[in-house]
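Participant: Following this line is query.cif, made up of mmCIF, C-alpha atoms:
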data_model
#
loop_
_atom_site.label_atom_id
_atom_site.label_comp_id
_atom_site.auth_asym_id
_atom_site.auth_seq_id
_atom_site.Cartn_x
_atom_site.Cartn_y
_atom_site.Cartn_z
CA MET G 283 0.00 0.00 0.00
CA SER G 284 1.34 3.46 -0.85
CA LEU G 285 2.24 6.06 1.79
CA LEU G 286 -0.58 8.29 0.54
CA ALA G 287 -3.12 5.48 0.85
CA ILE G 288 -2.02 4.75 4.40
CA LEU G 289 -2.36 8.40 5.35
CA VAL G 290 -5.86 8.58 3.91
CA LEU G 291 -6.87 5.54 5.93
CA VAL G 292 -5.67 7.08 9.20
CA GLY G 293 -7.40 10.35 8.48
CA VAL G 294 -4.38 12.57 7.88
CA ALA G 295 -5.02 13.48 4.26
CA ALA G 296 -8.73 14.10 4.71
CA GLN G 297 -8.97 16.41 1.72
CA PRO G 298 -8.46 14.75 -1.69
CA ALA G 299 -5.56 16.21 -3.68
CA ALA G 300 -4.79 16.19 -7.38
CA ALA G 301 -3.51 12.87 -8.70
CA SER G 302 0.11 14.01 -8.86
CA VAL G 303 0.09 15.63 -5.40
CA SER G 304 1.71 13.07 -3.14
CA LEU G 305 3.01 12.73 0.40
CA VAL G 306 6.51 11.47 -0.26
CA VAL G 307 8.37 11.58 3.06
CA ASN G 308 7.90 11.62 6.82
CA VAL G 309 10.66 13.99 7.91
CA VAL G 310 10.08 13.19 11.57
CA GLN G 311 7.49 11.91 14.02
CA GLU G 312 8.10 13.57 17.35
CA PRO G 313 7.83 11.27 20.38
CA GLY G 314 5.18 11.31 23.11
CA ASP G 315 3.10 14.48 23.26
CA TYR G 316 5.54 16.51 21.16
CA GLU G 317 4.49 18.01 17.83
CA ALA G 318 6.49 19.40 14.88
CA ARG G 319 4.90 22.76 14.07
CA PHE G 320 5.77 25.88 12.03
CA PRO G 321 8.31 24.27 9.66
CA ASP G 322 10.56 26.05 7.21
CA VAL G 323 12.82 24.64 4.49
CA VAL G 324 15.55 26.04 2.24
CA GLN G 325 17.87 24.59 -0.40
CA LEU G 326 21.57 24.97 0.39
CA ASP G 327 24.28 25.77 -2.15
CA ASP G 328 25.51 22.17 -2.02
CA GLY G 329 22.06 20.93 -3.09
CA ARG G 330 20.97 19.58 0.28
CA LEU G 331 17.84 20.77 2.03
CA MET G 332 17.73 22.29 5.51
CA ALA G 333 14.55 22.20 7.59
CA VAL G 334 13.66 23.62 10.99
CA TRP G 335 10.51 23.41 13.07
CA HIS G 336 9.03 24.19 16.49
CA ARG G 337 9.13 21.10 18.75
CA ALA G 338 6.63 21.52 21.59
CA THR G 339 3.61 19.90 23.21
CA ALA G 340 1.22 22.70 22.23
CA HIS G 341 0.81 25.57 19.79
CA GLN G 342 1.47 28.12 22.51
CA ASN G 343 1.93 28.37 26.28
CA ALA G 344 4.49 25.56 26.08
CA VAL G 345 8.26 25.90 25.81
CA GLY G 346 9.29 24.92 22.29
CA VAL G 347 12.75 24.06 20.98
CA ILE G 348 13.81 24.66 17.38
CA GLN G 349 14.80 21.39 15.72
CA LEU G 350 17.08 21.06 12.70
CA SER G 351 17.47 18.38 10.04
CA PHE G 352 19.34 18.14 6.74
CA GLY G 353 17.71 16.46 3.76
CA SER G 354 18.92 14.97 0.50
CA SER G 355 18.51 17.10 -2.62
CA ASP G 356 15.29 15.26 -3.55
CA GLY G 357 13.89 15.58 -0.03
CA ARG G 358 13.42 11.83 0.35
CA THR G 359 15.86 11.22 3.22
CA TRP G 360 16.60 13.34 6.30
CA SER G 361 19.18 13.33 9.07
CA THR G 362 18.27 12.58 12.66
CA PRO G 363 16.85 15.83 14.07
CA ALA G 364 18.83 17.77 16.65
CA ALA G 365 18.55 21.10 18.41
CA ALA G 366 19.21 23.86 15.87
CA LEU G 367 21.36 25.93 18.22
CA ALA G 368 24.90 24.80 18.92
CA ARG G 369 24.33 25.80 22.55
CA PRO G 370 20.63 25.21 23.31
CA SER G 371 21.25 26.36 26.87
CA THR G 372 21.34 29.96 25.62
CA MET G 373 17.53 29.79 25.24
CA ALA G 374 16.79 27.26 28.00
CA GLY G 375 13.25 27.61 29.31
CA VAL G 376 12.29 30.10 26.57
CA ASP G 377 9.66 29.33 23.93
CA THR G 378 11.39 29.85 20.57
CA ARG G 379 8.58 30.33 18.04
CA ASP G 380 8.11 30.32 14.26
CA PRO G 381 11.66 29.56 13.04
CA LYS G 382 12.36 30.85 9.51
CA LEU G 383 15.35 30.38 7.22
CA GLY G 384 16.83 32.96 4.85
CA LYS G 385 19.81 32.08 2.65
CA MET G 386 22.38 34.82 2.20
CA ASN G 387 24.18 35.45 -1.09
CA ASP G 388 27.35 33.72 0.17
CA GLY G 389 25.45 30.52 1.01
CA SER G 390 25.14 31.15 4.76
CA VAL G 391 21.71 30.83 6.36
CA VAL G 392 20.10 33.24 8.82
CA LEU G 393 17.59 31.70 11.23
CA THR G 394 15.02 34.08 12.73
CA PHE G 395 12.46 33.37 15.44
CA PHE G 396 10.52 35.19 18.15
CA THR G 397 9.78 34.63 21.80
CA PRO G 398 6.63 35.46 23.80
CA GLY G 399 6.60 39.08 24.81
CA GLY G 400 7.71 40.27 21.39
CA LYS G 401 11.43 39.67 21.00
CA VAL G 402 12.88 38.66 17.61
CA TYR G 403 16.24 36.89 17.41
CA TYR G 404 18.56 35.69 14.68
CA SER G 405 21.25 33.01 14.50
CA VAL G 406 23.68 32.08 11.73
CA TRP G 407 24.77 28.88 9.99
CA LYS G 408 27.70 28.78 7.55
CA PRO G 409 28.58 26.03 5.04
CA GLY G 410 30.50 23.28 6.81
CA TRP G 411 28.85 23.91 10.17
CA THR G 412 26.34 21.57 11.77
CA ARG G 413 24.43 24.02 14.01
CA PHE G 414 23.52 27.70 14.41
CA THR G 415 25.31 30.33 16.49
CA ASP G 416 24.08 31.80 19.77
CA PRO G 417 21.00 33.97 19.10
CA VAL G 418 21.25 37.76 18.94
CA GLN G 419 18.19 39.90 19.63
CA LEU G 420 17.14 42.17 16.78
CA THR G 421 16.28 45.76 17.57
CA ALA G 422 15.66 48.55 15.11
CA PRO G 423 15.27 52.33 15.16
CA GLY G 424 11.64 53.33 14.84
CA ILE G 425 10.22 50.12 16.32
CA ASN G 426 9.37 50.47 19.98
CA GLY G 427 7.87 47.76 22.14
CA GLY G 428 7.29 44.16 21.13
CA MET G 429 7.76 42.79 17.63
CA TYR G 430 7.25 39.38 16.06
CA SER G 431 8.29 37.51 12.93
CA HIS G 432 6.81 34.91 10.60
CA GLY G 433 8.78 35.40 7.38
CA SER G 434 12.32 34.64 6.26
CA ALA G 435 15.09 37.21 5.99
CA LEU G 436 15.53 38.23 2.34
CA ALA G 437 19.04 38.78 0.99
CA LEU G 438 18.71 41.34 -1.79
CA ALA G 439 20.56 40.87 -5.05
CA ASP G 440 23.67 43.07 -5.14
CA ASN G 441 23.74 46.02 -7.51
CA GLU G 442 26.35 48.69 -8.28
CA THR G 443 25.59 50.78 -5.19
CA GLN G 444 24.15 48.34 -2.65
CA VAL G 445 25.86 45.14 -1.54
CA ASP G 446 24.98 42.55 1.12
CA GLN G 447 21.67 44.22 2.00
CA VAL G 448 19.07 42.16 3.90
CA LEU G 449 15.40 42.82 4.67
CA ILE G 450 13.93 41.12 7.75
CA PRO G 451 10.11 41.04 7.87
CA VAL G 452 8.53 41.74 11.28
CA TYR G 453 5.21 42.96 12.66
CA THR G 454 3.98 44.82 15.70
CA THR G 455 0.64 44.83 17.49
CA GLY G 456 -1.88 47.43 18.64
CA THR G 457 -3.64 50.18 16.74
CA THR G 458 -0.35 51.82 15.76
CA GLY G 459 1.34 48.54 14.88
CA GLY G 460 1.46 46.78 11.55
CA ALA G 461 3.85 45.11 9.10
CA HIS G 462 7.45 46.37 8.82
CA PHE G 463 10.84 45.42 7.49
CA ILE G 464 14.20 45.89 9.13
CA ARG G 465 17.11 46.72 6.82
CA ALA G 466 20.54 45.34 7.70
CA THR G 467 23.92 44.70 6.13
CA TRP G 468 25.22 41.13 6.10
CA ARG G 469 28.79 40.72 7.34
CA ALA G 470 30.13 37.28 6.42
CA THR G 471 33.15 37.31 8.71
CA LEU G 472 34.49 34.73 11.14
CA SER G 473 31.74 36.08 13.42
CA PRO G 474 28.94 36.57 10.87
CA ARG G 475 26.30 39.08 11.82
CA LEU G 476 23.62 41.51 10.69
CA LEU G 477 24.29 45.23 11.12
CA VAL G 478 20.89 46.92 11.43
CA SER G 479 20.55 50.34 9.81
CA SER G 480 16.84 51.19 9.68
CA SER G 481 13.23 50.04 9.77
CA THR G 482 10.29 50.88 7.53
CA LYS G 483 6.58 50.34 8.08
CA ILE G 484 4.84 48.74 5.12
CA ILE G 485 1.24 49.07 6.30
CA THR G 486 -0.38 50.31 9.52
CA ASN G 487 -3.03 48.61 11.63
CA ASP G 488 -6.53 50.06 12.04
CA ASN G 489 -6.76 51.04 8.38
CA PRO G 490 -9.71 50.53 8.32
CA VAL G 491 -10.60 50.36 12.01
CA GLY G 492 -10.35 46.82 13.34
CA ARG G 493 -7.92 45.65 10.64
CA ARG G 494 -4.69 43.96 11.71
CA TYR G 495 -1.72 43.37 9.40
CA THR G 496 0.73 40.66 10.45
CA GLU G 497 3.16 38.01 9.21
CA PRO G 498 4.70 39.72 6.17
CA SER G 499 6.81 37.56 3.86
CA PHE G 500 9.02 38.68 0.98
CA VAL G 501 10.39 37.57 -2.37
CA GLN G 502 12.50 39.54 -4.87
CA ILE G 503 11.69 39.63 -8.59
CA GLY G 504 14.18 41.76 -10.50
CA SER G 505 14.33 45.18 -8.87
CA THR G 506 11.03 44.67 -7.02
CA VAL G 507 10.32 43.17 -3.63
CA VAL G 508 6.89 41.57 -3.50
CA ALA G 509 5.34 41.00 -0.07
CA VAL G 510 2.23 39.24 1.13
CA VAL G 511 0.80 40.45 4.44
CA ARG G 512 -1.76 38.52 6.45
CA ALA G 513 -4.87 40.62 7.13
CA GLU G 514 -7.71 40.10 9.59
CA GLN G 515 -10.76 42.23 10.31
CA ASN G 516 -11.91 42.14 13.94
CA GLY G 517 -10.35 38.70 14.28
CA GLY G 518 -12.04 37.29 11.17
CA GLY G 519 -10.77 36.63 7.68
CA SER G 520 -9.82 39.47 5.35
CA PRO G 521 -8.14 39.31 1.92
CA ALA G 522 -4.37 39.16 2.02
CA ILE G 523 -2.49 42.31 1.03
CA VAL G 524 0.10 42.21 -1.75
CA ALA G 525 2.64 45.04 -1.49
CA ARG G 526 5.47 45.95 -3.87
CA TRP G 527 8.39 48.39 -3.81
CA ASN G 528 11.87 49.04 -5.13
CA PRO G 529 14.24 48.17 -2.24
CA TYR G 530 17.14 50.12 -3.72
CA THR G 531 15.51 53.53 -3.33
CA ALA G 532 16.13 55.64 -0.24
CA THR G 533 12.40 56.07 0.42
CA PRO G 534 10.31 53.11 -0.75
CA ALA G 535 7.16 53.92 -2.72
CA PHE G 536 4.73 51.13 -1.87
CA THR G 537 1.90 49.92 -4.06
CA TYR G 538 -0.84 47.81 -2.52
CA GLN G 539 -3.37 45.27 -3.69
CA SER G 540 -6.13 43.56 -1.75
CA PHE G 541 -6.00 39.99 -3.05
CA THR G 542 -9.74 39.55 -3.48
CA GLY G 543 -11.06 36.12 -2.57
CA VAL G 544 -7.87 34.93 -0.91
CA LEU G 545 -8.05 34.61 2.90
CA ALA G 546 -4.47 33.60 3.55
CA ASN G 547 -3.35 33.00 7.10
CA SER G 548 0.21 31.73 7.46
CA HIS G 549 1.84 31.66 4.02
CA HIS G 550 5.07 31.26 2.05
CA LEU G 551 6.49 32.74 -1.16
CA LEU G 552 8.90 30.76 -3.33
CA LYS G 553 10.51 32.26 -6.43
CA THR G 554 10.60 29.45 -8.97
CA SER G 555 13.33 28.73 -11.50
CA ASP G 556 11.16 30.17 -14.30
CA GLY G 557 10.51 33.47 -12.48
CA GLN G 558 7.04 32.73 -11.14
CA VAL G 559 6.04 32.65 -7.46
CA LEU G 560 4.60 29.59 -5.75
CA PHE G 561 2.25 31.00 -3.11
CA THR G 562 1.32 28.41 -0.47
CA TYR G 563 -0.94 29.33 2.42
CA GLY G 564 -3.38 28.25 5.08
CA ASP G 565 -6.81 28.87 3.55
CA LYS G 566 -9.00 30.54 6.19
CA ALA G 567 -11.97 30.30 3.81
CA GLN G 568 -12.07 26.54 4.53
CA THR G 569 -12.68 24.65 7.76
CA ASN G 570 -9.41 23.94 9.60
CA ARG G 571 -7.53 26.21 7.11
CA PRO G 572 -5.84 23.44 5.07
CA THR G 573 -2.67 24.12 3.09
CA VAL G 574 -3.31 25.11 -0.51
CA GLY G 575 -1.14 26.54 -3.27
CA MET G 576 -1.39 28.87 -6.22
CA MET G 577 1.12 29.73 -8.94
CA ILE G 578 1.49 33.47 -9.60
CA SER G 579 2.75 33.80 -13.17
CA SER G 580 3.35 37.57 -13.13
CA PRO G 581 4.27 38.41 -9.52
CA THR G 582 5.21 42.07 -10.13
CA ALA G 583 1.84 42.74 -11.81
CA ASN G 584 -1.62 42.69 -10.27
CA TRP G 585 -2.17 39.25 -8.74
CA VAL G 586 -5.10 37.33 -10.18
CA LYS G 587 -6.59 34.40 -8.31
CA GLY G 588 -5.95 31.27 -10.32
CA LYS G 589 -6.32 27.58 -9.64
CA VAL G 590 -6.18 26.85 -5.92
CA LEU G 591 -4.51 23.47 -5.45
CA PRO G 592 -5.29 21.39 -2.35
CA ILE G 593 -1.92 20.29 -0.93
CA TYR G 594 -2.41 19.06 2.62
CA ASN G 595 -5.21 18.75 5.16
CA SER G 596 -4.61 17.01 8.48
CA GLY G 597 -8.23 17.51 9.52
CA HIS G 598 -7.01 19.36 12.62
CA ALA G 599 -7.57 23.04 13.37
CA ASP G 600 -3.85 23.56 14.09
CA GLN G 601 -2.16 23.20 10.71
CA ALA G 602 -0.98 25.16 7.63
CA ASN G 603 2.16 27.32 8.19
CA PRO G 604 3.58 25.88 4.93
CA SER G 605 7.02 26.28 3.43
CA SER G 606 8.17 25.15 -0.02
CA VAL G 607 11.35 24.51 -1.98
CA GLU G 608 11.97 23.64 -5.63
CA ILE G 609 13.87 20.33 -5.65
CA THR G 610 14.18 20.15 -9.46
CA PRO G 611 12.85 22.59 -12.07
CA GLY G 612 9.07 22.42 -11.87
CA THR G 613 8.97 20.00 -8.90
CA TYR G 614 8.24 21.36 -5.42
CA LEU G 615 8.35 20.00 -1.88
CA THR G 616 5.99 21.60 0.64
CA LEU G 617 6.12 20.85 4.36
CA GLY G 618 2.98 20.14 6.36
CA TYR G 619 2.40 18.75 9.84
CA ASN G 620 -0.12 16.61 11.69
CA ALA G 621 -0.82 18.06 15.14
CA LYS G 622 -3.39 15.44 16.10
CA PRO G 623 -2.75 13.64 19.39
CA LYS G 624 -1.42 10.14 18.85
CA SER G 625 -4.54 8.84 20.61
CA GLN G 626 -6.51 10.14 17.60
CA SER G 627 -4.01 9.47 14.83
CA PRO G 628 -1.09 7.01 14.66
CA THR G 629 0.83 9.62 12.65
CA GLY G 630 0.24 12.43 15.14
CA GLY G 631 3.30 14.61 15.70
CA SER G 632 4.61 14.02 12.17
CA LEU G 633 6.17 16.47 9.75
CA TRP G 634 5.51 15.55 6.12
CA GLY G 635 6.94 16.47 2.74
CA ILE G 636 4.34 16.79 -0.03
CA GLU G 637 5.43 16.88 -3.69
CA THR G 638 3.69 18.91 -6.37
CA HIS G 639 4.55 19.90 -9.94
CA SER G 640 4.10 22.97 -12.09
CA ALA G 641 1.38 21.27 -14.11
CA ASP G 642 -0.69 20.76 -10.94
CA TYR G 643 -1.17 24.53 -10.64
CA SER G 644 -2.24 25.07 -14.27
#
What's the structure tokens form of this structure?

Facilitator:
Amino acid sequence: MSLLAILVLVGVAAQPAAASVSLVVNVVQEPGDYEARFPDVVQLDDGRLMAVWHRATAHQNAVGVIQLSFGSSDGRTWSTPAAALARPSTMAGVDTRDPKLGKMNDGSVVLTFFTPGGKVYYSVWKPGWTRFTDPVQLTAPGINGGMYSHGSALALADNETQVDQVLIPVYTTGTTGGAHFIRATWRATLSPRLLVSSSTKIITNDNPVGRRYTEPSFVQIGSTVVAVVRAEQNGGGSPAIVARWNPYTATPAFTYQSFTGVLANSHHLLKTSDGQVLFTYGDKAQTNRPTVGMMISSPTANWVKGKVLPIYNSGHADQANPSSVEITPGTYLTLGYNAKPKSQSPTGGSLWGIETHSADYS
């Protein structure tokens, strides 16, 4: 019996997917009451994959530890998971939430995460290393109070005047909060680090009243950064916001689009090898917000809702938070997790890799 058939029988893949959408690997099944939530994945310069996730017994109000695993280039085999930080004791007793991976132009990887109370940290991995450095708290001029993160750091392409520039997406709460980015310079030295220079607000909360803008994520297409920002109105669903700007200008001029008909909670943007964007997200328009995907063929133009592909549905209210990588041209691996208790599902606590192809989104 195939892996997909087994998962359907145990109630993990409750939502039928297209014929070529397949669950191809169990990255990990956490033991006991532990779950593998909020995964992220990136392809390294040597072709391997790197994945991180939040290992905890609950979505919140439980101390979580960031786990790390390295995968083969096709995503079919993975190393035994271990704590992502070389010295886990540096964050002992602290809930390290929503780990995200951003690859720098030199092949290093910046890990970002936040902790309850609104502190964002980053750590660094360099080729040849096995773990990440001790975390450093991110602060930025113009952002006061707590801030949070749910998107990967974006290393901008170098141009004639700007080199090693990085944008880190964050958000703040309250009526004066909203979605921001922090600008920093990457220093790939023996002690690699980010040198923060400024922060910029992309969109402000309470516009209109009761609207909250959180969890920005970025991708660069040519000389344009394209962002998707999660939006909610009085705690309910609201169309995601697509924002664009030229990151090389001193004062960004933002353009905005309300992505009509798309209620995207947690989401991920992947620039594909042919210049499109694979947009995967938790669909708040459906019960239990399953993971779905959409291919955006012209990401710097007005986004048009196309085919929405069902990718993964655990049947549990705590899911989505997808992340994707292109393992070969036109073939994608998206991570999804099953947060069901093991008393309800034999595969509870598992982190899965789901394969899709360009043709599935047409």

Participant: Smallest atom-to-atom distance to Leu560 (chain G): which of G:Trp527, G:Phe396, G:Phe414, G:Tyr643, using all atoms listed in the file?

Facilitator: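 Among the listed residues, G:Tyr643 lies closest to Leu560 (chain G).
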
Participant: Applied to the shown file, which residues does the PyMOL selection byres ((chain G and resi 364) around 7) return, written as a list in words?

Facilitator: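 Evaluating the PyMOL selection byres ((chain G and resi 364) around 7) on this file yields Gln349, Leu350, Ser351, Thr362, Pro363, Ala365 and Ala366 of chain G.
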
Participant: What separation in Å, quoted to one decimal, exists between CA of Ile636 (chain G) and CA of Ser304 (chain G)?

Facilitator: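 According to the coordinates, CA of Ile636 (chain G) and CA of Ser304 (chain G) are separated by 5.5 Å.
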
Participant: On this file, the PyMOL selection byres ((chain G and resi 522) around 9) gives some set of residues; write that set as a list of chain:residue names.

Facilitator: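 Applied to this file, the PyMOL selection byres ((chain G and resi 522) around 9) selects G:Tyr495, G:Val510, G:Val511, G:Arg512, G:Ala513, G:Glu514, G:Gly519, G:Ser520, G:Pro521, G:Ile523, G:Val524, G:Gln539, G:Ser540, G:Phe541, G:Thr542, G:Gly543, G:Val544, G:Leu545, G:Ala546, G:Asn547.
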
Participant: Considering all atoms listed in the file, return as a PyMOL selection string whatever protein or nucleic-acid residues lie within 10 Å of Arg469 (chain G), sequence-local ones (same chain, fewer than 6 positions apart) excluded.

Facilitator: chain G and resi 446-447+475-477

Participant: Quick one, how far is CA of Val406 (chain G) from CA of Val391 (chain G)?

Facilitator: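 So the answer is 5.9 Å.
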
Participant: Write out as a VMD selection string each polymer residue whose atoms come within 9 Å of Ala641 (chain G), counting all atoms listed in the file; drop sequence neighbours fewer than 3 positions from it.

Facilitator: chain G and resid 612 638 644
